[in-house]
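entry_4.tsv, holding TSV, C-alpha atoms:
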```tsv
chain	number	residue	atom	x	y	z
A	81	PRO	CA	98.89	89.67	3.08
A	82	VAL	CA	100.87	91.85	0.69
A	83	TYR	CA	104.24	90.85	-0.70
A	84	THR	CA	107.49	92.74	-0.99
A	85	ASN	CA	108.42	93.77	-4.51
A	86	GLN	CA	111.56	95.83	-3.81
A	87	ILE	CA	113.37	97.13	-0.75
A	88	ASN	CA	114.80	100.58	-1.46
A	89	ILE	CA	117.25	102.26	0.89
A	90	PHE	CA	117.94	106.00	0.89
A	91	GLY	CA	120.20	108.31	2.88
A	92	ASN	CA	123.01	105.85	3.65
A	93	SER	CA	125.86	107.76	2.04
A	94	ARG	CA	128.39	105.98	4.26
A	95	THR	CA	126.79	102.77	5.54
A	96	PHE	CA	126.66	99.79	3.18
A	97	ASP	CA	123.21	98.46	2.20
A	98	TYR	CA	123.90	95.01	3.66
A	99	VAL	CA	124.34	96.47	7.15
A	100	ILE	CA	120.72	97.63	6.95
A	101	ARG	CA	119.30	94.65	5.05
A	102	ARG	CA	120.60	92.06	7.52
A	103	GLU	CA	118.44	93.63	10.24
A	104	LEU	CA	115.17	93.46	8.30
A	105	GLU	CA	114.34	89.72	8.37
A	106	VAL	CA	112.42	90.41	5.13
A	107	VAL	CA	113.65	90.02	1.56
A	108	GLU	CA	112.08	90.65	-1.84
A	109	GLY	CA	109.20	88.22	-2.38
A	110	ASP	CA	108.35	87.77	1.32
A	111	ALA	CA	104.99	88.58	2.82
A	112	ILE	CA	105.03	91.81	4.83
A	113	TYR	CA	102.71	92.73	7.69
A	114	SER	CA	102.12	96.16	9.21
A	115	THR	CA	103.45	95.00	12.61
A	116	GLN	CA	106.84	94.23	11.03
A	117	ILE	CA	107.42	97.82	9.93
A	118	ASN	CA	107.80	99.15	13.46
A	119	GLU	CA	109.96	96.15	14.45
A	120	MET	CA	112.33	96.83	11.54
A	121	ARG	CA	112.56	100.51	12.46
A	122	ASN	CA	113.41	99.70	16.09
A	123	LYS	CA	116.10	97.22	15.06
A	124	LEU	CA	117.76	99.75	12.77
A	125	LEU	CA	117.70	102.42	15.48
A	126	SER	CA	119.24	99.94	17.93
A	127	LEU	CA	122.38	99.84	15.75
A	128	ASP	CA	123.14	103.34	17.04
A	129	LEU	CA	124.24	104.40	13.55
A	130	PHE	CA	121.28	106.58	12.56
A	131	LYS	CA	119.63	109.71	13.92
A	132	SER	CA	116.31	108.73	12.37
A	133	VAL	CA	114.75	105.87	10.40
A	134	ASN	CA	111.56	106.21	8.32
A	135	ILE	CA	109.94	103.20	6.63
A	136	THR	CA	107.01	103.49	4.22
A	137	GLN	CA	105.11	101.13	1.91
A	138	GLU	CA	104.50	102.08	-1.73
A	139	SER	CA	101.71	100.12	-3.43
A	140	ILE	CA	102.61	98.70	-6.86
A	141	GLU	CA	99.71	96.32	-7.51
A	142	ASN	CA	96.93	94.83	-5.42
A	143	ASN	CA	99.24	92.62	-3.39
A	144	LEU	CA	102.70	94.05	-4.15
A	145	VAL	CA	104.47	96.89	-2.32
A	146	ASN	CA	107.86	98.53	-2.33
A	147	ILE	CA	109.46	99.05	1.07
A	148	ASN	CA	111.20	102.44	1.16
A	149	ILE	CA	113.67	102.94	4.01
A	150	THR	CA	115.10	106.41	4.57
A	151	VAL	CA	117.85	106.81	7.17
A	152	GLU	CA	119.71	109.80	8.51
A	153	GLU	CA	123.24	108.85	9.51
A	154	LYS	CA	124.94	110.32	12.58
A	155	GLN	CA	128.48	110.84	13.82
A	156	THR	CA	129.83	107.47	15.01
A	157	GLY	CA	133.45	108.27	15.92
A	158	THR	CA	134.51	109.70	19.28
A	159	PHE	CA	137.70	110.63	21.11
A	160	ASN	CA	137.85	111.07	24.87
A	161	ALA	CA	140.55	111.92	27.39
A	162	GLY	CA	140.50	112.72	31.08
A	163	VAL	CA	141.74	112.13	34.60
A	164	SER	CA	139.99	109.99	37.21
A	165	ALA	CA	140.48	109.43	40.93
A	166	GLY	CA	138.93	106.62	42.96
A	167	SER	CA	139.40	104.43	45.99
A	168	LEU	CA	139.70	101.28	43.85
A	169	ASP	CA	142.14	102.42	41.16
A	170	GLY	CA	143.64	105.66	42.53
A	171	TYR	CA	144.57	108.45	40.11
A	172	ALA	CA	144.62	107.55	36.43
A	173	ILE	CA	144.85	109.18	33.00
A	174	LEU	CA	142.31	107.85	30.51
A	175	GLY	CA	142.18	108.13	26.74
A	176	GLY	CA	140.53	106.36	23.88
A	177	LEU	CA	139.28	106.27	20.32
A	178	LYS	CA	136.04	104.61	19.27
A	179	GLU	CA	134.37	104.14	15.89
A	180	ASN	CA	130.97	102.38	15.71
A	181	ASN	CA	130.75	102.17	11.91
A	182	PHE	CA	134.20	101.37	10.58
A	183	TYR	CA	134.25	102.18	6.84
A	184	GLY	CA	130.47	101.78	6.73
A	185	THR	CA	130.53	98.08	7.68
A	186	GLY	CA	128.72	98.43	11.01
A	187	ARG	CA	131.77	97.00	12.78
A	188	SER	CA	132.98	98.83	15.88
A	189	LEU	CA	136.62	99.45	16.79
A	190	GLU	CA	137.79	100.68	20.18
A	191	PHE	CA	141.25	101.55	21.50
A	192	LEU	CA	141.72	102.47	25.17
A	193	ILE	CA	144.64	103.64	27.32
A	194	ASN	CA	144.49	103.73	31.12
A	195	THR	CA	147.67	104.64	32.96
A	196	SER	CA	148.50	105.51	36.57
A	197	GLU	CA	151.58	105.54	38.81
A	198	ASP	CA	151.74	101.74	39.16
A	199	ARG	CA	149.43	100.47	36.39
A	200	ARG	CA	149.23	100.72	32.62
A	201	THR	CA	146.57	99.13	30.41
A	202	LEU	CA	146.23	99.04	26.61
A	203	THR	CA	143.04	97.56	25.14
A	204	PHE	CA	141.85	96.92	21.59
A	205	ILE	CA	138.30	95.66	20.98
A	206	THR	CA	136.38	95.04	17.77
A	207	SER	CA	132.83	93.74	17.44
A	208	ASP	CA	130.31	93.00	14.72
A	209	ARG	CA	126.65	92.04	14.54
A	210	LEU	CA	125.91	88.34	15.00
A	211	ALA	CA	123.10	87.64	12.56
A	212	SER	CA	122.05	84.35	14.18
A	213	LEU	CA	121.41	86.00	17.58
A	214	ASP	CA	118.87	88.78	18.00
A	215	ASN	CA	120.62	91.89	19.41
A	216	GLY	CA	123.82	89.84	19.58
A	217	LYS	CA	127.43	90.71	18.75
A	218	ILE	CA	130.65	88.77	18.38
A	219	ASN	CA	133.64	90.45	20.01
A	220	TYR	CA	137.42	90.10	19.67
A	221	ASN	CA	139.83	91.69	22.11
A	222	ILE	CA	143.52	92.15	22.83
A	223	ASN	CA	144.60	93.47	26.21
A	224	TYR	CA	148.01	94.23	27.75
A	225	LYS	CA	148.47	95.32	31.38
A	226	GLU	CA	151.52	96.24	33.47
A	227	GLN	CA	151.17	96.36	37.27
A	228	ASP	CA	153.89	97.41	39.71
A	229	LEU	CA	152.87	95.99	43.08
A	230	SER	CA	156.35	96.13	44.58
A	231	LYS	CA	155.38	98.39	47.47
A	232	SER	CA	152.21	96.60	48.52
A	233	SER	CA	152.84	92.97	47.54
A	234	SER	CA	156.53	92.63	46.53
A	235	TYR	CA	156.05	91.70	42.87
A	236	LYS	CA	155.41	93.04	39.38
A	237	LEU	CA	152.93	91.50	36.96
A	238	ASN	CA	152.66	91.81	33.17
A	239	THR	CA	149.51	90.34	31.65
A	240	PHE	CA	148.62	89.69	28.01
A	241	ASN	CA	145.30	88.22	26.96
A	242	THR	CA	143.34	87.83	23.75
A	243	GLY	CA	139.94	86.31	23.28
A	244	VAL	CA	136.58	86.02	21.60
A	245	GLY	CA	133.14	86.51	23.08
A	246	ILE	CA	129.44	86.71	22.34
A	247	SER	CA	127.42	89.52	23.88
A	248	TYR	CA	123.74	90.33	23.68
A	249	LYS	CA	121.22	92.75	25.09
A	250	VAL	CA	118.70	91.12	27.42
A	251	ASN	CA	116.65	94.32	27.67
A	252	LYS	CA	117.21	98.08	27.57
A	253	ASN	CA	119.75	98.16	30.42
A	254	LEU	CA	120.75	94.51	30.96
A	255	TYR	CA	123.63	92.90	29.03
A	256	ASN	CA	125.22	89.45	29.05
A	257	ASN	CA	128.61	88.43	27.70
A	258	LEU	CA	130.18	84.97	27.34
A	259	GLY	CA	133.86	84.74	26.50
A	260	LEU	CA	136.90	82.51	26.04
A	261	GLU	CA	140.37	84.04	26.48
A	262	TYR	CA	144.01	82.98	26.18
A	263	LEU	CA	146.03	84.45	29.04
A	264	ILE	CA	149.75	84.89	29.74
A	265	LYS	CA	150.89	86.17	33.15
A	266	ASP	CA	154.52	87.01	33.86
A	267	TYR	CA	155.35	87.45	37.58
A	268	GLU	CA	158.56	89.19	38.67
A	269	ILE	CA	159.35	88.87	42.38
A	270	THR	CA	160.89	92.06	43.81
A	271	ASN	CA	161.31	90.90	47.43
A	272	GLU	CA	161.39	87.17	48.11
A	273	SER	CA	161.26	87.61	51.88
A	274	THR	CA	157.91	89.42	51.92
A	275	VAL	CA	156.07	88.10	48.87
A	276	SER	CA	153.22	85.64	49.48
A	277	SER	CA	153.88	81.95	48.92
A	278	ALA	CA	151.17	81.75	46.24
A	279	ILE	CA	152.83	84.49	44.16
A	280	ALA	CA	156.31	83.06	44.76
A	281	SER	CA	155.24	79.67	43.39
A	282	SER	CA	153.95	81.40	40.23
A	283	SER	CA	157.18	83.28	39.52
A	284	GLY	CA	157.88	83.50	35.78
A	285	GLU	CA	155.53	82.98	32.86
A	286	ASN	CA	152.15	81.26	33.35
A	287	VAL	CA	149.76	80.32	30.56
A	288	SER	CA	146.08	79.56	31.01
A	289	PHE	CA	142.61	79.85	29.49
A	290	LEU	CA	139.74	81.90	30.91
A	291	ILE	CA	136.05	81.13	30.58
A	292	THR	CA	133.99	84.17	31.55
A	293	ASN	CA	130.35	85.01	32.08
A	294	ASN	CA	129.49	88.65	32.69
A	295	LEU	CA	126.06	90.04	33.55
A	296	ARG	CA	125.80	93.85	33.65
A	297	TYR	CA	123.00	96.25	34.46
A	298	SER	CA	123.89	99.79	33.39
A	299	THR	CA	122.28	103.20	33.02
A	300	LEU	CA	125.63	104.90	32.38
A	301	ASN	CA	126.06	107.43	29.58
A	302	SER	CA	127.78	106.27	26.41
A	303	GLY	CA	131.47	107.14	25.92
A	304	PHE	CA	134.83	106.23	27.45
A	305	ILE	CA	134.41	108.40	30.54
A	306	SER	CA	131.39	107.67	32.74
A	307	ARG	CA	129.65	110.88	33.80
A	308	GLU	CA	126.11	110.00	34.86
A	309	GLY	CA	124.22	106.87	35.93
A	310	GLN	CA	124.99	103.63	37.72
A	311	SER	CA	126.08	100.09	36.95
A	312	LEU	CA	125.95	96.74	38.71
A	313	ASN	CA	128.28	94.10	37.29
A	314	PHE	CA	128.48	90.39	38.17
A	315	ASN	CA	131.48	88.56	36.74
A	316	ASN	CA	132.05	84.81	36.92
A	317	THR	CA	135.53	83.65	35.76
A	318	LEU	CA	137.05	80.19	35.56
A	319	GLU	CA	140.81	80.00	34.94
A	320	THR	CA	142.05	76.65	33.70
A	321	PRO	CA	145.85	76.29	34.15
A	322	THR	CA	148.04	74.73	31.50
A	323	SER	CA	151.61	75.52	32.57
A	324	SER	CA	151.40	76.31	36.29
A	325	SER	CA	149.70	75.20	39.48
A	326	ASN	CA	147.44	78.25	39.38
A	327	GLY	CA	143.77	78.25	38.49
A	328	PHE	CA	140.68	79.62	40.15
A	329	LEU	CA	136.95	80.14	40.13
A	330	ARG	CA	136.17	83.78	40.93
A	331	ASN	CA	132.88	85.61	41.44
A	332	THR	CA	132.98	89.41	41.62
A	333	LEU	CA	130.20	91.92	42.17
A	334	THR	CA	131.00	95.58	41.38
A	335	TYR	CA	128.74	98.60	41.88
A	336	LYS	CA	129.47	102.09	40.51
A	337	ILE	CA	127.49	105.32	40.59
A	338	PHE	CA	128.41	108.59	38.86
A	339	ASN	CA	127.01	112.09	39.29
A	340	ASN	CA	127.98	114.85	36.85
A	341	ILE	CA	128.30	117.86	39.18
A	342	ASP	CA	129.29	120.24	36.38
A	343	ASN	CA	131.13	120.06	33.07
A	344	LYS	CA	134.52	119.63	34.80
A	345	ASN	CA	133.83	117.54	37.92
A	346	ILE	CA	132.29	114.11	38.40
A	347	LEU	CA	131.48	112.53	41.75
A	348	SER	CA	131.65	108.73	41.81
A	349	LEU	CA	131.28	105.99	44.40
A	350	GLN	CA	132.48	102.43	43.78
A	351	ALA	CA	132.33	99.20	45.74
A	352	ARG	CA	133.56	95.68	44.92
A	353	VAL	CA	132.92	92.36	46.61
A	354	GLY	CA	134.41	89.04	45.58
```
Would it be possible to restate this file's structure as C-alpha cells?
Amino acid sequence: PVYTNQINIFGNSRTFDYVIRRELEVVEGDAIYSTQINEMRNKLLSLDLFKSVNITQESIENNLVNINITVEEKQTGTFNAGVSAGSLDGYAILGGLKENNFYGTGRSLEFLINTSEDRRTLTFITSDRLASLDNGKINYNINYKEQDLSKSSSYKLNTFNTGVGISYKVNKNLYNNLGLEYLIKDYEITNESTVSSAIASSSGENVSFLITNNLRYSTLNSGFISREGQSLNFNNTLETPTSSSNGFLRNTLTYKIFNNIDNKNILSLQARVG
C-alpha cells in the first residue's frame, strides 16, 4: 500500500477544515487504498454542503502520496413561506428558515412556524454530525404548540417539549430516529359538561417524558414545503407520566403523497392510522 503524507483541502472558503476531515476516516500517516477515495467522496457529498468534490493522489515518493481534496461549496440557507390546505390539518400558513452549515461548522439550524385558525406551532431544531455513527446525527429540539379544541372537544391545550435524539440514514430514502423528550401539557377545560372524562382528569399542568422511535421512508423534495414525492412514516411513542395519571403507548402510521401541478398549486393526499 501507499501511505498518506499530507491531506490538502481546497475550495472551502466558508466550511472549516475539520468538518471535511472528520468524514475521511484517514489521517496523515495512514495507509490509503484506491477504493477509499470514492468512499470519501461519497461521504463528503452526503453532507449536502458541496456542489462537487474532487479527490486526487499526488505521488511524493515510492510509497508516499498527498491527498488533494477540492470542493465547490453551495448555498446552504433557505427561506420558505406558503399556505397549505388538507383534511388532517385544515388551512395553515407555513414559514421557516433553515441553514445547513451554520458559520461553516456543518451544524444545521431550523426554525419553523405553522399557524392556522385553531393551532399554532413554533419549532427550533439543531443537529450536528455524530462521528461515532456512520451517517448519524445528534439532534436537539424545542417545540411549543397551542391548540384551541373548544368547538370540537371542549378544551384548550398548550404543549411545550424539548429533547435530544439520534438519527441516521439506513439507505437513500429510509431514515430512523430515536429520541428522549421532556414534555409539559397544560389543559384548560372550556366546557365541563361536554368534555371527555379523560381530559377532565388531566386538567391543569401535566409533566412527562417521551421515548420515541420513528422510521420514515421518503422521496419528498428537500425544503420546508413538500411539493413532489411521497412519504410513509411509522412512529412509536411511549409517554411515561410523572405528575399525572396519564401515559400511553401509541403507534401511528402516516402516508402522504404530493404532486406539483404547477409552480403555484400542489395536490396532496394524506392518511393516518393509529
Leaving out A:Gly176 and any residue of its chain fewer than 6 positions from it, which residues lie within 12 Å of it when counting only C-alpha atoms, given as a PDB file with C-alpha atoms, in the frame of the given file?
```pdb
ATOM      1  CA  GLY A 157     133.450 108.270  15.920  1.00  0.00           C
ATOM      2  CA  THR A 158     134.510 109.700  19.280  1.00  0.00           C
ATOM      3  CA  PHE A 159     137.700 110.630  21.110  1.00  0.00           C
ATOM      4  CA  ASN A 160     137.850 111.070  24.870  1.00  0.00           C
ATOM      5  CA  ALA A 161     140.550 111.920  27.390  1.00  0.00           C
ATOM      6  CA  GLY A 162     140.500 112.720  31.080  1.00  0.00           C
ATOM      7  CA  LEU A 189     136.620  99.450  16.790  1.00  0.00           C
ATOM      8  CA  GLU A 190     137.790 100.680  20.180  1.00  0.00           C
ATOM      9  CA  PHE A 191     141.250 101.550  21.500  1.00  0.00           C
ATOM     10  CA  LEU A 192     141.720 102.470  25.170  1.00  0.00           C
ATOM     11  CA  ILE A 193     144.640 103.640  27.320  1.00  0.00           C
ATOM     12  CA  ASN A 194     144.490 103.730  31.120  1.00  0.00           C
ATOM     13  CA  THR A 195     147.670 104.640  32.960  1.00  0.00           C
ATOM     14  CA  THR A 201     146.570  99.130  30.410  1.00  0.00           C
ATOM     15  CA  LEU A 202     146.230  99.040  26.610  1.00  0.00           C
ATOM     16  CA  THR A 203     143.040  97.560  25.140  1.00  0.00           C
ATOM     17  CA  PHE A 204     141.850  96.920  21.590  1.00  0.00           C
ATOM     18  CA  ILE A 205     138.300  95.660  20.980  1.00  0.00           C
ATOM     19  CA  GLY A 303     131.470 107.140  25.920  1.00  0.00           C
ATOM     20  CA  PHE A 304     134.830 106.230  27.450  1.00  0.00           C
ATOM     21  CA  ILE A 305     134.410 108.400  30.540  1.00  0.00           C
TER      22      ILE A 305
END
```
* Compare A:Thr239, A:Asn316, A:Ser306, A:Ser230 by their minimum atom-to-atom distance to A:Asn257, counting all atoms listed in the file, and give me the closest one. =>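 Closest to A:Asn257, using all atoms listed in the file: A:Asn316.
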* To do: Neighbourhood query: residues within 6 Å of (131.8, 102.7, 7.1), file coordinates, counting only C-alpha atoms; return as a list of chain:residue names.
  =>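 The distance filter leaves exactly A:Arg94, A:Thr95, A:Asn181, A:Phe182, A:Tyr183, A:Gly184, A:Thr185.
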* Asked: Could you state the separation of atom CA of A:Glu319 and atom CA of A:Tyr235 in Å, given to one decimal place?
  -> 20.8 Å
* Could you give me, as a list in words, the residues that have an atom at most 6 Å away from the point (123.2, 106.9, 12.8) in the coordinates of the file, using only C-alpha atoms? =>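 Residues with an atom close enough to that point: Asp128, Leu129, Phe130, Lys131, Glu153 and Lys154 of chain A.
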* Nearby residues (all atoms listed in the file) at most 12 Å from A:Gln137, same-chain spacing under 3 positions excluded, as a VMD selection string -> chain A and resid 82 to 88 112 to 114 116 to 117 134 140 to 141 143 to 150
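Taking atom CA of A:Leu347 as the reference point, atom CA of A:Val163 is found at 12.5 Å.
Remark: for A:Leu124, the closest of the candidate residues A:Leu263, A:Val106, A:Leu349, A:Val99 is A:Val99 (distances computed over all atoms listed in the file).
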